[in-house]
Amino acid sequence: MFLRGGGRMRAWVVRAGENGEREQAALEEGVLIAGWWELGDLSATAARDDIKAAVASAYPDEGPYTVGNWTGQLFRFVHEIQPGDLVVLPQRSLLVAIGRVSGEYEYRAHAADGARHVRRVEWLVKDVDRQSIQSDLLDSMGSLLTVFELSRFGAAERIATLADGKTDPGRPDADEFAATLTEPAKLFEEVRRRSADEPLTLSVRDFLAVWGLQRRYPAVVEQIQNDLDARGLVTVPPFTEGSLQSQIAVVAGGAEPDEAGTSAVTRLTGSTSLSAVVQSAADAAGHLADDDPQARTVAYRVSNLDSANRMPESVRVGDSLGTAMTLMVLRDYSQLPVLDTDGRLRGVVSWESIGRARMADPAADLAAATVRAQEADRSDDLLDWIGTIQKSGYVLVRDHDHKVCGLITDSDLTVQFGTRVRPFVLVEEIEQRLRRIVDRCIPIERIRAVVPRHRAARVNSAANLTFGAYGHLLKVSENWSALGWAIDQQHFLSALEECRNFRNSLMHFSPDPVTDDQLHPAQGLLELLRSLDPHN
């Protein structure tokens with residue numbers, strides 16, 4: 001139990017502006033800063049009504065709701081927050097700072113606009129990784145208010161633990177599983193609420209977002225699968241298949257049979273509300289992996305590529321060869337699948353097959369130019385097909401009903417693996433530039449000082465440092481000064497830490513590509529290093 005002056009300690013969030021514009025001043029000056037710069041000194045306000053009158057006077061165009069909301073936030077800031085309370089400052093870098101309030105409300109009349117209402121704070125830690133905070137507490141920090149209390153789920157004690165450099169212990173009143181289910185619990189409840197013929201369907205991307213995730217790492221997949229297993233739920237098709245845009249249905253797979261003796265998964269076959277892809281997977285319910293965790297696949301599947309889940313344009317048996325050639329020219333295609341009236345594959349027509357057919361018969365039709373197609377099942381291991389795709393230029397993808405559902409070309413492979421390689425090349429250049437700069441500017445004895453003593457003798461240059469060690473090295477004022485950079489140290493170190501976390505995430509396999517938004521911070525750090533170290 002954490003106490004403050006004989007009472008229970010409280011924890012608060014005080015944001016540094018809508019876009020973090022007061023963040024640097026708050027961290028550097030050791031203060032909490034409220035906005036509302038048009039308000040004067042609130043030191044003499046003893047009651048909530050006093051603050052309400054001041055707000056209404058300063059902002060005469062605002063309605064009762066806004067005035068009341070702002071009054072509540074300012075009353076907390078001026079009167080309810082007490083010295084000794086803990087405070088959280090979410091940062092733009094996705095790190096979190098935690099401090100202990102050390103002073104009463106102050107009004108700085110000569111400070112810049114937006115920086116006049118302050119509380120003194122001792123920052124205990126400025127670089128808590130959000131990944132060390134469990135989802136229920138992280139969600140509680142997500143309010144859009146500037147000033148609010150963290151009062152649920154034992155927040156104050158958990159914030160104190162984070163300030164000590166430890167990970168979030170989770171809710172004190174729940175088991176380890178329940179502590180992670182603040183958002184997933186809503187999904188589980190929605191599945192329970194729905195009837196079997198109206199299953200919950202959503203994209204894999206949106207499904208992962210329920211857990212606050214963006215990509216499918218092994219640990220992420222295991223966590224979600226354990227959550228689903230504990231609730232008797234299953235996704236059809238498995239959420240590990242397909243791309244992030246692929247649609248899945250979430251159903252009560254562990255529920256007992258209905259009066260007709262059928263399971264929820266089997267009942268999906270009769271649903272009329274599913275997308276074609278999900279319906280196909282439901283029809284193939286027997287293809288679902290059994291409940292043995294050891295049997296769950298970890299391979300990189302054909303279906304993990306977007307193009308494998310996107311129905312290609314095609315021609316039908318009986319169409320003219322001119323129709324096929326027109327489509328291929330208009331769309332810049334090298335080949336087109338040829339389908340029968342049921343949508344099943346009968347072959348493929350390509351510029352090569354057209355050329356061969358016309359060499360034999362200048363009047364050759366579509367049937368003569370149709371040749372056997374390269375076919376992969378969407379659940380096949382992609383690595384087994386790379387050689388074929390490189391040699392033939394394509395492979396058609398079929399679903400469990402043997403209907404065409406996608407087309408992978410050699411250009412799709414180039415884009416896919418180019419996207420996967422790019423982050424590694426970017427991080428490698430960042431590391432190379434850091435090594436060169438450190439070796440040029442910082443003596444070897446100071447480099448050795450940031451590694452454990454038993455390893456120091458084996459450090460001959462910055463090349464022997466881990467990526468994380470650069471942050472420790474450049475926190476030292478003497479080392480930072482040696483670089484001679486006219487930039488903000490704290491912002492650089494924050495960017496370096498964010499890049500370290502990004503680099504670590506790359507080391508875990510995921511079938512999902514890194515997005516431009518996820519690459520942006522590392523790209524920004526690289527551009528900064530290129531400016532500071534312009535040598536090629």
# chains A, B, ... in the order shown; residues from 1 in each chain; ligands from 1
call {"tool": "residues_around", "arguments": {"residues": "stretch 33-35 of chain A", "least_positions_apart": "5", "cutoff": "10 Å", "atoms": "only C-alpha atoms", "output": "VMD selection string"}}
result
chain A and resid 14 to 18 22 to 23 25 to 26 73 to 74 77 to 78 106 113 to 120 146 to 147
call {"tool": "write_last_selection", "arguments": {"atoms": "N, CA, C and O atoms", "output": "tab-separated table (two decimals), in the first residue's frame"}}
result
chain	number	residue	atom	x	y	z
A	14	VAL	N	-1.43	14.06	-16.76
A	14	VAL	CA	-1.48	15.46	-17.20
A	14	VAL	C	-0.78	15.52	-18.55
A	14	VAL	O	0.44	15.36	-18.63
A	15	ARG	N	-1.55	15.72	-19.59
A	15	ARG	CA	-0.98	15.76	-20.94
A	15	ARG	C	-0.25	17.07	-21.19
A	15	ARG	O	-0.52	18.08	-20.55
A	16	ALA	N	0.64	17.04	-22.17
A	16	ALA	CA	1.44	18.22	-22.50
A	16	ALA	C	0.90	18.90	-23.75
A	16	ALA	O	1.64	19.22	-24.68
A	17	GLY	N	-0.40	19.11	-23.80
A	17	GLY	CA	-1.00	19.75	-24.96
A	17	GLY	C	-1.61	18.73	-25.89
A	17	GLY	O	-1.29	17.54	-25.86
A	18	GLU	N	-2.49	19.20	-26.77
A	18	GLU	CA	-3.19	18.30	-27.68
A	18	GLU	C	-2.23	17.53	-28.57
A	18	GLU	O	-2.44	16.35	-28.87
A	22	ARG	N	3.85	20.99	-25.29
A	22	ARG	CA	4.50	21.44	-24.05
A	22	ARG	C	5.39	20.35	-23.44
A	22	ARG	O	5.89	20.50	-22.33
A	23	GLU	N	5.58	19.27	-24.17
A	23	GLU	CA	6.29	18.11	-23.65
A	23	GLU	C	7.74	18.43	-23.25
A	23	GLU	O	8.18	18.11	-22.15
A	25	ALA	N	9.22	21.31	-22.56
A	25	ALA	CA	9.30	22.23	-21.42
A	25	ALA	C	8.96	21.50	-20.12
A	25	ALA	O	9.61	21.71	-19.09
A	26	ALA	N	7.96	20.65	-20.15
A	26	ALA	CA	7.56	19.92	-18.94
A	26	ALA	C	8.68	19.03	-18.44
A	26	ALA	O	8.98	19.00	-17.23
A	73	GLN	N	-11.48	19.74	-14.97
A	73	GLN	CA	-10.05	19.47	-15.19
A	73	GLN	C	-9.19	20.46	-14.41
A	73	GLN	O	-8.18	20.09	-13.78
A	74	LEU	N	-9.56	21.72	-14.47
A	74	LEU	CA	-8.76	22.74	-13.78
A	74	LEU	C	-8.87	22.62	-12.27
A	74	LEU	O	-7.89	22.86	-11.55
A	77	PHE	N	-6.46	20.03	-11.31
A	77	PHE	CA	-5.08	20.50	-11.42
A	77	PHE	C	-4.71	21.43	-10.27
A	77	PHE	O	-3.61	21.35	-9.72
A	78	VAL	N	-5.63	22.31	-9.89
A	78	VAL	CA	-5.33	23.33	-8.87
A	78	VAL	C	-5.46	22.77	-7.46
A	78	VAL	O	-4.61	23.03	-6.60
A	106	GLU	N	0.95	26.86	-9.16
A	106	GLU	CA	1.61	28.14	-9.34
A	106	GLU	C	1.11	28.78	-10.64
A	106	GLU	O	0.78	28.09	-11.61
A	113	ASP	N	2.49	31.88	-23.59
A	113	ASP	CA	1.11	31.42	-23.66
A	113	ASP	C	1.05	29.90	-23.55
A	113	ASP	O	1.82	29.18	-24.19
A	114	GLY	N	0.14	29.40	-22.74
A	114	GLY	CA	-0.02	27.96	-22.58
A	114	GLY	C	0.90	27.35	-21.56
A	114	GLY	O	0.84	26.14	-21.32
A	115	ALA	N	1.76	28.13	-20.92
A	115	ALA	CA	2.71	27.58	-19.95
A	115	ALA	C	2.66	28.33	-18.62
A	115	ALA	O	3.64	28.38	-17.89
A	116	ARG	N	1.50	28.91	-18.28
A	116	ARG	CA	1.42	29.75	-17.09
A	116	ARG	C	0.88	29.00	-15.87
A	116	ARG	O	1.27	29.32	-14.75
A	117	HIS	N	0.01	28.01	-16.07
A	117	HIS	CA	-0.53	27.24	-14.96
A	117	HIS	C	0.33	25.98	-14.79
A	117	HIS	O	0.33	25.11	-15.66
A	118	VAL	N	1.06	25.88	-13.65
A	118	VAL	CA	2.01	24.78	-13.50
A	118	VAL	C	1.93	24.15	-12.10
A	118	VAL	O	1.42	24.76	-11.15
A	119	ARG	N	2.44	22.94	-12.01
A	119	ARG	CA	2.71	22.26	-10.75
A	119	ARG	C	4.12	21.70	-10.85
A	119	ARG	O	4.50	21.12	-11.87
A	120	ARG	N	4.91	21.84	-9.78
A	120	ARG	CA	6.26	21.28	-9.77
A	120	ARG	C	6.19	19.76	-9.66
A	120	ARG	O	5.34	19.21	-8.95
A	146	THR	N	-7.07	16.62	-20.75
A	146	THR	CA	-5.72	17.04	-20.40
A	146	THR	C	-5.35	16.59	-18.99
A	146	THR	O	-4.22	16.17	-18.74
A	147	VAL	N	-6.29	16.67	-18.05
A	147	VAL	CA	-6.03	16.31	-16.65
A	147	VAL	C	-7.10	15.32	-16.20
A	147	VAL	O	-8.30	15.63	-16.25
call {"tool": "select_by_dssp", "arguments": {"residues": "stretch 339-434 of chain A", "states": "strand (DSSP E)", "output": "list in words"}}
result
Leu339, Leu345, Arg346, Gly347, Val348, Val349, Ser350, Thr370, Val371, Glu375, Ala376, Asp377, Tyr394, Val395, Leu396, Val397, Arg398, Val404, Cys405, Gly406, Leu407, Ile408 and Thr409 of chain A
call {"tool": "residues_around", "arguments": {"residues": "A:Ala456", "least_positions_apart": "6", "cutoff": "10 Å", "atoms": "only C-alpha atoms", "output": "number ranges by chain"}}
result
A: 444-445, 447-450, 464
call {"tool": "closest_residue", "arguments": {"among": "A:Leu321, A:Val96, A:Leu208, A:Val338", "to": "A:Arg358", "atoms": "only C-alpha atoms"}}
result
A:Leu321
call {"tool": "residues_around", "arguments": {"residues": "A:Glu497", "least_positions_apart": "2", "cutoff": "12 Å", "atoms": "only C-alpha atoms", "output": "ChimeraX atom specification"}}
result
/A:93-95,126-129,467-472,474-475,490-495,499-504,521-522,525
call {"tool": "closest_residue", "arguments": {"among": "A:Gly318, A:Leu396, A:Asp365, A:Leu39", "to": "A:Pro60", "atoms": "only C-alpha atoms"}}
result
A:Leu39
call {"tool": "atom_distance", "arguments": {"atom1": "atom CA of A:Leu228", "atom2": "atom CA of A:Ser307"}}
result
28.2 Å
call {"tool": "residues_around", "arguments": {"residues": "A:Gln247", "least_positions_apart": "4", "cutoff": "7 Å", "atoms": "only C-alpha atoms", "output": "PyMOL selection string"}}
result
chain A and resi 201-204+278
call {"tool": "atom_distance", "arguments": {"atom1": "atom CA of A:His79", "atom2": "atom CA of A:Tyr105"}}
result
7.7 Å
call {"tool": "atom_distance", "arguments": {"atom1": "atom CA of A:Arg205", "atom2": "atom CA of A:Leu244"}}
result
4.7 Å
call {"tool": "closest_residue", "arguments": {"among": "A:Asn19, A:Asp49, A:Val397, A:Pro83", "to": "A:Thr71", "atoms": "only C-alpha atoms"}}
result
A:Asp49
call {"tool": "residues_around", "arguments": {"residues": "A:Gly393", "least_positions_apart": "3", "cutoff": "7 Å", "atoms": "only C-alpha atoms", "output": "number ranges by chain"}}
result
A: 389-390, 409-410
call {"tool": "select_by_dssp", "arguments": {"residues": "stretch 113-238 of chain A", "states": "alpha helix (DSSP H)", "output": "compact mmCIF listing (two decimals) with all heavy atoms, in the first residue's frame"}}
result
# COMPACT_ATOMS: atom_id res chain seq x y z
N SER A 135 -2.74 -3.77 -21.18
CA SER A 135 -3.71 -3.06 -22.01
C SER A 135 -4.77 -2.32 -21.19
O SER A 135 -5.20 -1.23 -21.58
CB SER A 135 -4.40 -4.03 -22.97
OG SER A 135 -5.07 -5.05 -22.25
N ASP A 136 -5.21 -2.87 -20.05
CA ASP A 136 -6.26 -2.18 -19.29
C ASP A 136 -5.77 -0.85 -18.75
O ASP A 136 -6.48 0.16 -18.80
CB ASP A 136 -6.78 -3.07 -18.15
CG ASP A 136 -5.70 -3.41 -17.14
OD1 ASP A 136 -4.56 -3.69 -17.56
OD2 ASP A 136 -6.00 -3.37 -15.94
N LEU A 137 -4.53 -0.80 -18.25
CA LEU A 137 -3.98 0.45 -17.73
C LEU A 137 -3.65 1.40 -18.87
O LEU A 137 -3.88 2.61 -18.78
CB LEU A 137 -2.74 0.17 -16.88
CG LEU A 137 -2.08 1.37 -16.19
CD1 LEU A 137 -3.08 2.12 -15.33
CD2 LEU A 137 -0.89 0.91 -15.36
N LEU A 138 -3.14 0.86 -19.97
CA LEU A 138 -2.82 1.69 -21.13
C LEU A 138 -4.08 2.33 -21.69
O LEU A 138 -4.09 3.50 -22.08
CB LEU A 138 -2.14 0.83 -22.19
CG LEU A 138 -1.27 1.55 -23.23
CD1 LEU A 138 -0.16 2.35 -22.57
CD2 LEU A 138 -0.67 0.55 -24.21
N ASP A 139 -5.17 1.53 -21.72
CA ASP A 139 -6.44 2.08 -22.19
C ASP A 139 -6.93 3.20 -21.29
O ASP A 139 -7.52 4.19 -21.75
CB ASP A 139 -7.50 0.98 -22.26
CG ASP A 139 -7.23 -0.02 -23.37
OD1 ASP A 139 -6.42 0.29 -24.26
OD2 ASP A 139 -7.80 -1.12 -23.31
N SER A 140 -6.71 3.06 -19.97
CA SER A 140 -7.13 4.10 -19.04
C SER A 140 -6.39 5.41 -19.28
O SER A 140 -6.90 6.49 -18.99
CB SER A 140 -6.90 3.63 -17.59
OG SER A 140 -7.68 2.51 -17.28
N ALA A 155 -4.41 1.41 -10.17
CA ALA A 155 -3.50 2.17 -11.04
C ALA A 155 -2.33 2.78 -10.29
O ALA A 155 -1.19 2.72 -10.76
CB ALA A 155 -4.28 3.26 -11.77
N ALA A 156 -2.56 3.39 -9.13
CA ALA A 156 -1.48 4.10 -8.43
C ALA A 156 -0.35 3.15 -8.06
O ALA A 156 0.84 3.46 -8.25
CB ALA A 156 -2.02 4.79 -7.18
N GLU A 157 -0.70 1.97 -7.52
CA GLU A 157 0.34 1.00 -7.15
C GLU A 157 1.09 0.50 -8.39
O GLU A 157 2.31 0.30 -8.35
CB GLU A 157 -0.30 -0.19 -6.42
CG GLU A 157 -0.82 0.15 -5.01
CD GLU A 157 -2.17 0.83 -5.03
OE1 GLU A 157 -2.75 1.02 -6.12
OE2 GLU A 157 -2.67 1.17 -3.94
N ARG A 158 0.37 0.33 -9.48
CA ARG A 158 1.01 -0.15 -10.70
C ARG A 158 1.92 0.91 -11.31
O ARG A 158 3.00 0.61 -11.83
CB ARG A 158 -0.06 -0.60 -11.69
CG ARG A 158 -0.83 -1.82 -11.19
CD ARG A 158 -2.12 -2.06 -11.93
NE ARG A 158 -1.90 -2.47 -13.31
CZ ARG A 158 -2.88 -2.72 -14.17
NH1 ARG A 158 -4.15 -2.58 -13.79
NH2 ARG A 158 -2.60 -3.11 -15.41
N ILE A 159 1.49 2.18 -11.26
CA ILE A 159 2.33 3.27 -11.75
C ILE A 159 3.61 3.35 -10.92
O ILE A 159 4.71 3.58 -11.44
CB ILE A 159 1.58 4.61 -11.71
CG1 ILE A 159 0.39 4.58 -12.68
CG2 ILE A 159 2.50 5.76 -12.03
CD1 ILE A 159 0.77 4.40 -14.13
N ALA A 160 3.48 3.17 -9.59
CA ALA A 160 4.66 3.18 -8.72
C ALA A 160 5.62 2.06 -9.10
O ALA A 160 6.85 2.24 -9.09
CB ALA A 160 4.23 3.06 -7.26
N THR A 161 5.09 0.90 -9.43
CA THR A 161 5.94 -0.22 -9.85
C THR A 161 6.67 0.11 -11.14
O THR A 161 7.87 -0.17 -11.29
CB THR A 161 5.08 -1.48 -10.04
OG1 THR A 161 4.44 -1.81 -8.82
CG2 THR A 161 5.93 -2.66 -10.48
N LEU A 162 5.98 0.72 -12.09
CA LEU A 162 6.62 1.12 -13.35
C LEU A 162 7.70 2.16 -13.11
O LEU A 162 8.75 2.15 -13.76
CB LEU A 162 5.56 1.67 -14.31
CG LEU A 162 4.58 0.66 -14.90
CD1 LEU A 162 3.40 1.38 -15.55
CD2 LEU A 162 5.29 -0.22 -15.93
N ALA A 163 7.47 3.07 -12.15
CA ALA A 163 8.47 4.10 -11.82
C ALA A 163 9.73 3.49 -11.24
O ALA A 163 10.81 4.08 -11.33
CB ALA A 163 7.88 5.12 -10.86
N PRO A 184 -10.27 -7.28 -25.42
CA PRO A 184 -10.74 -8.58 -25.92
C PRO A 184 -12.06 -9.00 -25.29
O PRO A 184 -12.88 -9.65 -25.94
CB PRO A 184 -9.59 -9.53 -25.55
CG PRO A 184 -8.39 -8.67 -25.61
CD PRO A 184 -8.84 -7.33 -25.08
N ALA A 185 -12.28 -8.64 -24.02
CA ALA A 185 -13.53 -9.03 -23.37
C ALA A 185 -14.74 -8.49 -24.13
O ALA A 185 -15.79 -9.12 -24.18
CB ALA A 185 -13.54 -8.52 -21.93
N LYS A 186 -14.58 -7.31 -24.73
CA LYS A 186 -15.69 -6.75 -25.50
C LYS A 186 -15.96 -7.59 -26.75
O LYS A 186 -17.11 -7.79 -27.13
CB LYS A 186 -15.37 -5.31 -25.88
CG LYS A 186 -15.23 -4.37 -24.69
CD LYS A 186 -14.89 -2.95 -25.12
CE LYS A 186 -14.72 -2.04 -23.91
NZ LYS A 186 -14.32 -0.67 -24.32
N LEU A 187 -14.89 -8.06 -27.38
CA LEU A 187 -15.07 -8.92 -28.54
C LEU A 187 -15.74 -10.23 -28.14
O LEU A 187 -16.65 -10.71 -28.81
CB LEU A 187 -13.71 -9.21 -29.20
CG LEU A 187 -13.74 -10.17 -30.39
CD1 LEU A 187 -12.95 -9.62 -31.55
CD2 LEU A 187 -13.17 -11.53 -29.99
N PHE A 188 -15.32 -10.81 -27.02
CA PHE A 188 -15.91 -12.06 -26.55
C PHE A 188 -17.41 -11.89 -26.28
O PHE A 188 -18.23 -12.74 -26.62
CB PHE A 188 -15.22 -12.55 -25.29
CG PHE A 188 -13.74 -12.79 -25.46
CD1 PHE A 188 -12.87 -12.65 -24.40
CD2 PHE A 188 -13.21 -13.14 -26.69
CE1 PHE A 188 -11.51 -12.86 -24.55
CE2 PHE A 188 -11.85 -13.36 -26.86
CZ PHE A 188 -11.00 -13.21 -25.79
N GLU A 189 -17.75 -10.76 -25.66
CA GLU A 189 -19.14 -10.50 -25.34
C GLU A 189 -19.98 -10.32 -26.61
O GLU A 189 -21.14 -10.76 -26.69
CB GLU A 189 -19.26 -9.26 -24.45
CG GLU A 189 -20.64 -9.04 -23.86
CD GLU A 189 -21.11 -10.21 -23.01
OE1 GLU A 189 -20.26 -10.80 -22.30
OE2 GLU A 189 -22.31 -10.53 -23.06
N GLU A 190 -19.39 -9.69 -27.61
CA GLU A 190 -20.10 -9.49 -28.87
C GLU A 190 -20.37 -10.82 -29.56
O GLU A 190 -21.44 -11.04 -30.13
CB GLU A 190 -19.28 -8.58 -29.80
CG GLU A 190 -19.91 -8.28 -31.14
CD GLU A 190 -21.21 -7.49 -31.04
OE1 GLU A 190 -21.46 -6.86 -29.99
OE2 GLU A 190 -21.98 -7.50 -32.01
N VAL A 191 -19.40 -11.74 -29.50
CA VAL A 191 -19.60 -13.07 -30.10
C VAL A 191 -20.73 -13.80 -29.37
O VAL A 191 -21.58 -14.45 -29.99
CB VAL A 191 -18.29 -13.89 -30.05
CG1 VAL A 191 -18.54 -15.33 -30.51
CG2 VAL A 191 -17.23 -13.24 -30.93
N ARG A 192 -20.74 -13.70 -28.06
CA ARG A 192 -21.79 -14.35 -27.26
C ARG A 192 -23.17 -13.78 -27.60
O ARG A 192 -24.17 -14.49 -27.60
CB ARG A 192 -21.53 -14.16 -25.77
CG ARG A 192 -20.38 -14.98 -25.21
CD ARG A 192 -20.25 -14.77 -23.72
NE ARG A 192 -21.48 -15.14 -23.03
CZ ARG A 192 -21.73 -14.89 -21.75
NH1 ARG A 192 -20.84 -14.24 -21.02
NH2 ARG A 192 -22.87 -15.26 -21.19
N ARG A 193 -23.21 -12.49 -27.86
CA ARG A 193 -24.48 -11.81 -28.09
C ARG A 193 -25.11 -12.22 -29.42
O ARG A 193 -26.34 -12.22 -29.56
CB ARG A 193 -24.25 -10.29 -28.08
CG ARG A 193 -25.51 -9.46 -28.16
CD ARG A 193 -25.16 -7.99 -28.28
NE ARG A 193 -24.52 -7.69 -29.55
CZ ARG A 193 -25.17 -7.54 -30.71
NH1 ARG A 193 -26.47 -7.69 -30.75
NH2 ARG A 193 -24.50 -7.25 -31.81
N VAL A 204 -8.46 -9.18 -40.46
CA VAL A 204 -7.39 -9.60 -39.56
C VAL A 204 -6.77 -8.38 -38.89
O VAL A 204 -6.43 -8.40 -37.70
CB VAL A 204 -6.32 -10.41 -40.32
CG1 VAL A 204 -5.10 -10.69 -39.43
CG2 VAL A 204 -6.90 -11.72 -40.84
N ARG A 205 -6.63 -7.29 -39.65
CA ARG A 205 -6.06 -6.05 -39.08
C ARG A 205 -6.89 -5.56 -37.90
O ARG A 205 -6.37 -5.23 -36.84
CB ARG A 205 -5.98 -4.97 -40.16
CG ARG A 205 -5.30 -3.69 -39.70
CD ARG A 205 -5.42 -2.59 -40.75
NE ARG A 205 -4.94 -3.02 -42.05
CZ ARG A 205 -3.65 -3.02 -42.40
NH1 ARG A 205 -2.73 -2.63 -41.52
NH2 ARG A 205 -3.29 -3.41 -43.60
N ASP A 206 -8.23 -5.52 -38.08
CA ASP A 206 -9.09 -5.05 -37.01
C ASP A 206 -9.13 -6.04 -35.85
O ASP A 206 -9.27 -5.65 -34.68
CB ASP A 206 -10.50 -4.81 -37.53
CG ASP A 206 -10.58 -3.61 -38.45
OD1 ASP A 206 -9.69 -2.74 -38.37
OD2 ASP A 206 -11.53 -3.52 -39.25
N PHE A 207 -9.02 -7.31 -36.16
CA PHE A 207 -8.98 -8.34 -35.12
C PHE A 207 -7.75 -8.16 -34.23
O PHE A 207 -7.85 -8.19 -32.99
CB PHE A 207 -8.98 -9.72 -35.77
CG PHE A 207 -8.89 -10.88 -34.81
CD1 PHE A 207 -10.00 -11.29 -34.09
CD2 PHE A 207 -7.69 -11.56 -34.63
CE1 PHE A 207 -9.92 -12.36 -33.21
CE2 PHE A 207 -7.60 -12.63 -33.76
CZ PHE A 207 -8.72 -13.03 -33.05
N LEU A 208 -6.59 -7.95 -34.83
CA LEU A 208 -5.37 -7.72 -34.05
C LEU A 208 -5.48 -6.45 -33.21
O LEU A 208 -4.97 -6.39 -32.08
CB LEU A 208 -4.16 -7.62 -34.98
CG LEU A 208 -3.78 -8.87 -35.77
CD1 LEU A 208 -2.59 -8.57 -36.69
CD2 LEU A 208 -3.43 -10.03 -34.85
N ALA A 209 -6.15 -5.44 -33.76
CA ALA A 209 -6.27 -4.16 -33.05
C ALA A 209 -7.04 -4.31 -31.74
O ALA A 209 -6.87 -3.49 -30.82
CB ALA A 209 -6.95 -3.12 -33.94
N PRO A 218 5.18 -14.45 -33.36
CA PRO A 218 4.88 -15.71 -32.67
C PRO A 218 4.29 -15.51 -31.28
O PRO A 218 3.31 -16.17 -30.91
CB PRO A 218 6.24 -16.41 -32.61
CG PRO A 218 6.96 -15.91 -33.81
CD PRO A 218 6.54 -14.47 -33.95
N ALA A 219 4.87 -14.61 -30.49
CA ALA A 219 4.37 -14.39 -29.14
C ALA A 219 2.96 -13.80 -29.17
O ALA A 219 2.11 -14.13 -28.33
CB ALA A 219 5.31 -13.47 -28.36
N VAL A 220 2.69 -12.94 -30.15
CA VAL A 220 1.37 -12.34 -30.31
C VAL A 220 0.35 -13.41 -30.66
O VAL A 220 -0.74 -13.48 -30.08
CB VAL A 220 1.42 -11.26 -31.40
CG1 VAL A 220 0.02 -10.91 -31.89
CG2 VAL A 220 2.12 -10.01 -30.89
N VAL A 221 0.70 -14.26 -31.62
CA VAL A 221 -0.21 -15.34 -32.04
C VAL A 221 -0.52 -16.25 -30.86
O VAL A 221 -1.67 -16.64 -30.64
CB VAL A 221 0.41 -16.13 -33.20
CG1 VAL A 221 -0.40 -17.40 -33.48
CG2 VAL A 221 0.48 -15.27 -34.46
N GLU A 222 0.50 -16.59 -30.09
CA GLU A 222 0.29 -17.48 -28.93
C GLU A 222 -0.62 -16.82 -27.90
O GLU A 222 -1.52 -17.46 -27.34
CB GLU A 222 1.63 -17.84 -28.29
CG GLU A 222 1.49 -18.79 -27.12
CD GLU A 222 2.83 -19.18 -26.53
OE1 GLU A 222 3.86 -18.64 -26.97
OE2 GLU A 222 2.85 -20.03 -25.62
N GLN A 223 -0.41 -15.53 -27.64
CA GLN A 223 -1.23 -14.82 -26.67
C GLN A 223 -2.69 -14.82 -27.10
O GLN A 223 -3.59 -15.14 -26.31
CB GLN A 223 -0.75 -13.38 -26.52
CG GLN A 223 -1.67 -12.50 -25.67
CD GLN A 223 -1.44 -11.01 -25.90
OE1 GLN A 223 -0.45 -10.61 -26.49
NE2 GLN A 223 -2.37 -10.20 -25.43
N ILE A 224 -2.95 -14.45 -28.35
CA ILE A 224 -4.33 -14.38 -28.84
C ILE A 224 -4.95 -15.76 -28.87
O ILE A 224 -6.11 -15.94 -28.46
CB ILE A 224 -4.37 -13.74 -30.23
CG1 ILE A 224 -3.93 -12.27 -30.16
CG2 ILE A 224 -5.77 -13.84 -30.84
CD1 ILE A 224 -3.87 -11.58 -31.50
N GLN A 225 -4.18 -16.77 -29.30
CA GLN A 225 -4.73 -18.12 -29.37
C GLN A 225 -5.09 -18.63 -27.98
O GLN A 225 -6.12 -19.28 -27.79
CB GLN A 225 -3.73 -19.06 -30.04
CG GLN A 225 -4.32 -20.39 -30.44
CD GLN A 225 -5.43 -20.24 -31.46
OE1 GLN A 225 -5.22 -19.73 -32.55
NE2 GLN A 225 -6.64 -20.67 -31.10
N ASN A 226 -4.27 -18.32 -27.00
CA ASN A 226 -4.57 -18.73 -25.62
C ASN A 226 -5.85 -18.05 -25.13
O ASN A 226 -6.67 -18.67 -24.44
CB ASN A 226 -3.40 -18.39 -24.70
CG ASN A 226 -2.21 -19.30 -24.92
OD1 ASN A 226 -2.34 -20.39 -25.48
ND2 ASN A 226 -1.05 -18.87 -24.47
N ASP A 227 -6.02 -16.77 -25.48
CA ASP A 227 -7.23 -16.05 -25.09
C ASP A 227 -8.46 -16.68 -25.74
O ASP A 227 -9.49 -16.86 -25.09
CB ASP A 227 -7.13 -14.58 -25.50
CG ASP A 227 -6.12 -13.80 -24.65
OD1 ASP A 227 -5.58 -14.39 -23.71
OD2 ASP A 227 -5.90 -12.61 -24.94
N LEU A 228 -8.36 -17.01 -27.03
CA LEU A 228 -9.48 -17.62 -27.74
C LEU A 228 -9.80 -18.99 -27.16
O LEU A 228 -10.96 -19.35 -26.95
CB LEU A 228 -9.16 -17.73 -29.23
CG LEU A 228 -9.02 -16.42 -30.02
CD1 LEU A 228 -8.61 -16.73 -31.45
CD2 LEU A 228 -10.29 -15.61 -29.99
N ASP A 229 -8.74 -19.79 -26.91
CA ASP A 229 -8.95 -21.13 -26.38
C ASP A 229 -9.66 -21.10 -25.03
O ASP A 229 -10.55 -21.91 -24.75
CB ASP A 229 -7.61 -21.86 -26.24
CG ASP A 229 -6.98 -22.21 -27.58
OD1 ASP A 229 -7.70 -22.12 -28.60
OD2 ASP A 229 -5.79 -22.55 -27.60
N ALA A 230 -9.24 -20.14 -24.20
CA ALA A 230 -9.83 -20.06 -22.86
C ALA A 230 -11.31 -19.70 -22.90
O ALA A 230 -12.06 -20.02 -21.98
CB ALA A 230 -9.07 -19.03 -22.01
N ARG A 231 -11.74 -19.04 -23.98
CA ARG A 231 -13.14 -18.64 -24.13
C ARG A 231 -13.92 -19.56 -25.06
O ARG A 231 -15.09 -19.32 -25.31
CB ARG A 231 -13.21 -17.20 -24.66
CG ARG A 231 -12.60 -16.18 -23.72
CD ARG A 231 -13.53 -15.89 -22.56
NE ARG A 231 -12.96 -14.89 -21.66
CZ ARG A 231 -13.69 -13.98 -21.02
NH1 ARG A 231 -14.98 -13.96 -21.17
NH2 ARG A 231 -13.11 -13.12 -20.21
